[in-house]
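Okay, structure first, notes after.
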Amino acid sequence: MARKQKKEIFRYDCSLTGETYKTTKKAKNPEDLISVTAYYELHPENDDRPEHITKALEEEE
């Protein structure tokens with residue numbers, strides 16, 4: 001039987017929102033990482049998410 005390899009999980013905190021997220025790749029500059037939510041707050045002109053997602057996020061806030 002083949003054994004599964006354990007993937008190392010890295011946890012990072014968004015510097016703007018304080019959100020914690022995890023990834024399987026190590027970041028070169030973890031202090032520069034921001035969450036998707038924070039990115040769209042900084043760059044609203046690039047927000048290409050569908051309307052139902054943006055409405056759900058507005059209701060959540």
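Each chain in the structure tokens gets a letter, A, B, ..., in the order shown, and its residues are numbered from 1; ligands are numbered from 1 in order too.
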Surrounding residues of Leu33 of chain A excluding itself and chain neighbours under 5 positions, 10 Å, only C-alpha atoms, as a short mmCIF file (atom, residue, chain, number, x, y, z; two decimals) with N, CA and C atoms, in the first residue's frame:
```
data_model
loop_
_atom_site.label_atom_id
_atom_site.label_comp_id
_atom_site.auth_asym_id
_atom_site.auth_seq_id
_atom_site.Cartn_x
_atom_site.Cartn_y
_atom_site.Cartn_z
N TYR A 12 -0.83 32.02 8.18
CA TYR A 12 -0.42 33.42 8.07
C TYR A 12 -1.58 34.31 8.51
N ASP A 13 -1.25 35.49 8.99
CA ASP A 13 -2.24 36.48 9.40
C ASP A 13 -2.20 37.65 8.43
N CYS A 14 -3.39 38.12 8.06
CA CYS A 14 -3.48 39.30 7.22
C CYS A 14 -3.11 40.52 8.06
N SER A 15 -2.25 41.37 7.52
CA SER A 15 -1.79 42.53 8.28
C SER A 15 -2.87 43.61 8.40
N LEU A 16 -3.87 43.60 7.52
CA LEU A 16 -4.91 44.62 7.56
C LEU A 16 -6.15 44.17 8.34
N ALA A 27 5.48 31.14 2.22
CA ALA A 27 5.55 32.47 1.61
C ALA A 27 6.95 33.04 1.77
N LYS A 28 7.42 33.70 0.72
CA LYS A 28 8.73 34.34 0.78
C LYS A 28 8.70 35.56 1.71
N ALA A 38 -9.25 42.00 2.09
CA ALA A 38 -8.45 43.21 2.22
C ALA A 38 -8.01 43.73 0.85
N TYR A 39 -7.68 42.83 -0.07
CA TYR A 39 -7.27 43.25 -1.41
C TYR A 39 -8.40 44.01 -2.09
#
```
Mind checking which residues fall within 12 Å of Lys26 of chain A, counting only C-alpha atoms, ignoring those fewer than 6 positions away in the same chain, and posting them as a ChimeraX atom specification? /A:7-12,33
Saved selection, atoms kept: N, CA and C atoms, as a PDB file, in the first residue's frame:
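Result file follows (out-v4.pdb):
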```pdb
ATOM      1  N   LYS A   7       1.367  16.868   4.017  1.00  0.00           N
ATOM      2  CA  LYS A   7       1.729  18.186   3.520  1.00  0.00           C
ATOM      3  C   LYS A   7       1.880  19.119   4.709  1.00  0.00           C
ATOM      4  N   GLU A   8       2.895  19.910   4.647  1.00  0.00           N
ATOM      5  CA  GLU A   8       3.121  20.892   5.699  1.00  0.00           C
ATOM      6  C   GLU A   8       2.168  22.064   5.473  1.00  0.00           C
ATOM      7  N   ILE A   9       1.533  22.509   6.530  1.00  0.00           N
ATOM      8  CA  ILE A   9       0.582  23.609   6.442  1.00  0.00           C
ATOM      9  C   ILE A   9       1.175  24.828   7.142  1.00  0.00           C
ATOM     10  N   PHE A  10       1.109  25.953   6.435  1.00  0.00           N
ATOM     11  CA  PHE A  10       1.622  27.214   6.963  1.00  0.00           C
ATOM     12  C   PHE A  10       0.439  28.121   7.261  1.00  0.00           C
ATOM     13  N   ARG A  11       0.492  28.790   8.403  1.00  0.00           N
ATOM     14  CA  ARG A  11      -0.577  29.709   8.805  1.00  0.00           C
ATOM     15  C   ARG A  11      -0.020  31.140   8.775  1.00  0.00           C
ATOM     16  N   TYR A  12      -0.826  32.023   8.182  1.00  0.00           N
ATOM     17  CA  TYR A  12      -0.424  33.418   8.073  1.00  0.00           C
ATOM     18  C   TYR A  12      -1.579  34.306   8.515  1.00  0.00           C
ATOM     19  N   LEU A  33       1.644  39.635   2.953  1.00  0.00           N
ATOM     20  CA  LEU A  33       0.426  38.958   2.522  1.00  0.00           C
ATOM     21  C   LEU A  33      -0.810  39.632   3.091  1.00  0.00           C
TER      22      LEU A  33
END
```
Pull the strand (DSSP E or B) assignments for chain A out of DSSP run on the backbone, and list those residues as a ChimeraX atom specification. /A:10-13,20-23
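Note that atom CA of Lys22 of chain A and atom CA of Ala2 of chain A are 26.5 Å apart.
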Within 12 Å of Leu57 of chain A using only C-alpha atoms, minus same-chain residues under 4 positions, as a PyMOL selection string: chain A and resi 37+40-41+49-53+61
Chain A: which residues are helix (DSSP H, G or I) by DSSP, as a PyMOL selection string? chain A and resi 30-32+36-42+44-46+51-60
May I have the residues from that selection written out with N, CA and C atoms, as a PDB file, in the first residue's frame?
```pdb
ATOM      1  N   PRO A  30       5.996  36.730   4.247  1.00  0.00           N
ATOM      2  CA  PRO A  30       4.685  36.585   4.905  1.00  0.00           C
ATOM      3  C   PRO A  30       4.126  37.888   5.465  1.00  0.00           C
ATOM      4  N   GLU A  31       4.973  38.861   5.764  1.00  0.00           N
ATOM      5  CA  GLU A  31       4.467  40.121   6.302  1.00  0.00           C
ATOM      6  C   GLU A  31       3.784  40.964   5.227  1.00  0.00           C
ATOM      7  N   ASP A  32       3.992  40.641   3.950  1.00  0.00           N
ATOM      8  CA  ASP A  32       3.367  41.377   2.855  1.00  0.00           C
ATOM      9  C   ASP A  32       2.045  40.763   2.401  1.00  0.00           C
ATOM     10  N   VAL A  36      -8.002  38.121   0.666  1.00  0.00           N
ATOM     11  CA  VAL A  36      -8.765  38.520  -0.513  1.00  0.00           C
ATOM     12  C   VAL A  36      -9.688  39.684  -0.166  1.00  0.00           C
ATOM     13  N   THR A  37     -10.291  39.628   0.990  1.00  0.00           N
ATOM     14  CA  THR A  37     -11.182  40.700   1.432  1.00  0.00           C
ATOM     15  C   THR A  37     -10.433  42.030   1.512  1.00  0.00           C
ATOM     16  N   ALA A  38      -9.248  41.997   2.090  1.00  0.00           N
ATOM     17  CA  ALA A  38      -8.450  43.212   2.216  1.00  0.00           C
ATOM     18  C   ALA A  38      -8.012  43.730   0.849  1.00  0.00           C
ATOM     19  N   TYR A  39      -7.685  42.830  -0.067  1.00  0.00           N
ATOM     20  CA  TYR A  39      -7.275  43.247  -1.410  1.00  0.00           C
ATOM     21  C   TYR A  39      -8.404  44.011  -2.095  1.00  0.00           C
ATOM     22  N   TYR A  40      -9.613  43.461  -2.023  1.00  0.00           N
ATOM     23  CA  TYR A  40     -10.729  44.129  -2.679  1.00  0.00           C
ATOM     24  C   TYR A  40     -11.112  45.424  -1.975  1.00  0.00           C
ATOM     25  N   GLU A  41     -10.829  45.551  -0.694  1.00  0.00           N
ATOM     26  CA  GLU A  41     -11.056  46.826  -0.008  1.00  0.00           C
ATOM     27  C   GLU A  41     -10.065  47.869  -0.498  1.00  0.00           C
ATOM     28  N   LEU A  42      -8.826  47.456  -0.776  1.00  0.00           N
ATOM     29  CA  LEU A  42      -7.815  48.388  -1.261  1.00  0.00           C
ATOM     30  C   LEU A  42      -7.989  48.720  -2.736  1.00  0.00           C
ATOM     31  N   PRO A  44     -11.047  48.504  -5.084  1.00  0.00           N
ATOM     32  CA  PRO A  44     -12.443  48.230  -5.447  1.00  0.00           C
ATOM     33  C   PRO A  44     -12.676  48.224  -6.957  1.00  0.00           C
ATOM     34  N   GLU A  45     -11.831  48.908  -7.721  1.00  0.00           N
ATOM     35  CA  GLU A  45     -11.994  48.926  -9.175  1.00  0.00           C
ATOM     36  C   GLU A  45     -11.675  47.566  -9.805  1.00  0.00           C
ATOM     37  N   ASN A  46     -10.955  46.717  -9.110  1.00  0.00           N
ATOM     38  CA  ASN A  46     -10.610  45.386  -9.619  1.00  0.00           C
ATOM     39  C   ASN A  46     -11.563  44.302  -9.127  1.00  0.00           C
ATOM     40  N   GLU A  51     -22.189  39.296  -8.501  1.00  0.00           N
ATOM     41  CA  GLU A  51     -23.019  40.159  -7.644  1.00  0.00           C
ATOM     42  C   GLU A  51     -23.538  39.447  -6.408  1.00  0.00           C
ATOM     43  N   HIS A  52     -23.905  38.170  -6.533  1.00  0.00           N
ATOM     44  CA  HIS A  52     -24.463  37.471  -5.372  1.00  0.00           C
ATOM     45  C   HIS A  52     -23.423  37.310  -4.258  1.00  0.00           C
ATOM     46  N   ILE A  53     -22.170  37.253  -4.611  1.00  0.00           N
ATOM     47  CA  ILE A  53     -21.117  37.158  -3.587  1.00  0.00           C
ATOM     48  C   ILE A  53     -20.914  38.504  -2.909  1.00  0.00           C
ATOM     49  N   THR A  54     -20.873  39.574  -3.680  1.00  0.00           N
ATOM     50  CA  THR A  54     -20.690  40.893  -3.074  1.00  0.00           C
ATOM     51  C   THR A  54     -21.879  41.270  -2.190  1.00  0.00           C
ATOM     52  N   LYS A  55     -23.087  40.894  -2.602  1.00  0.00           N
ATOM     53  CA  LYS A  55     -24.268  41.165  -1.769  1.00  0.00           C
ATOM     54  C   LYS A  55     -24.220  40.380  -0.476  1.00  0.00           C
ATOM     55  N   ALA A  56     -23.799  39.111  -0.560  1.00  0.00           N
ATOM     56  CA  ALA A  56     -23.702  38.284   0.644  1.00  0.00           C
ATOM     57  C   ALA A  56     -22.672  38.841   1.604  1.00  0.00           C
ATOM     58  N   LEU A  57     -21.569  39.341   1.093  1.00  0.00           N
ATOM     59  CA  LEU A  57     -20.535  39.923   1.951  1.00  0.00           C
ATOM     60  C   LEU A  57     -21.013  41.226   2.592  1.00  0.00           C
ATOM     61  N   GLU A  58     -21.787  42.013   1.857  1.00  0.00           N
ATOM     62  CA  GLU A  58     -22.324  43.257   2.424  1.00  0.00           C
ATOM     63  C   GLU A  58     -23.325  42.958   3.531  1.00  0.00           C
ATOM     64  N   GLU A  59     -24.137  41.915   3.355  1.00  0.00           N
ATOM     65  CA  GLU A  59     -25.102  41.544   4.376  1.00  0.00           C
ATOM     66  C   GLU A  59     -24.406  40.999   5.617  1.00  0.00           C
ATOM     67  N   GLU A  60     -23.282  40.334   5.415  1.00  0.00           N
ATOM     68  CA  GLU A  60     -22.532  39.762   6.522  1.00  0.00           C
ATOM     69  C   GLU A  60     -21.949  40.836   7.424  1.00  0.00           C
TER      70      GLU A  60
END
```
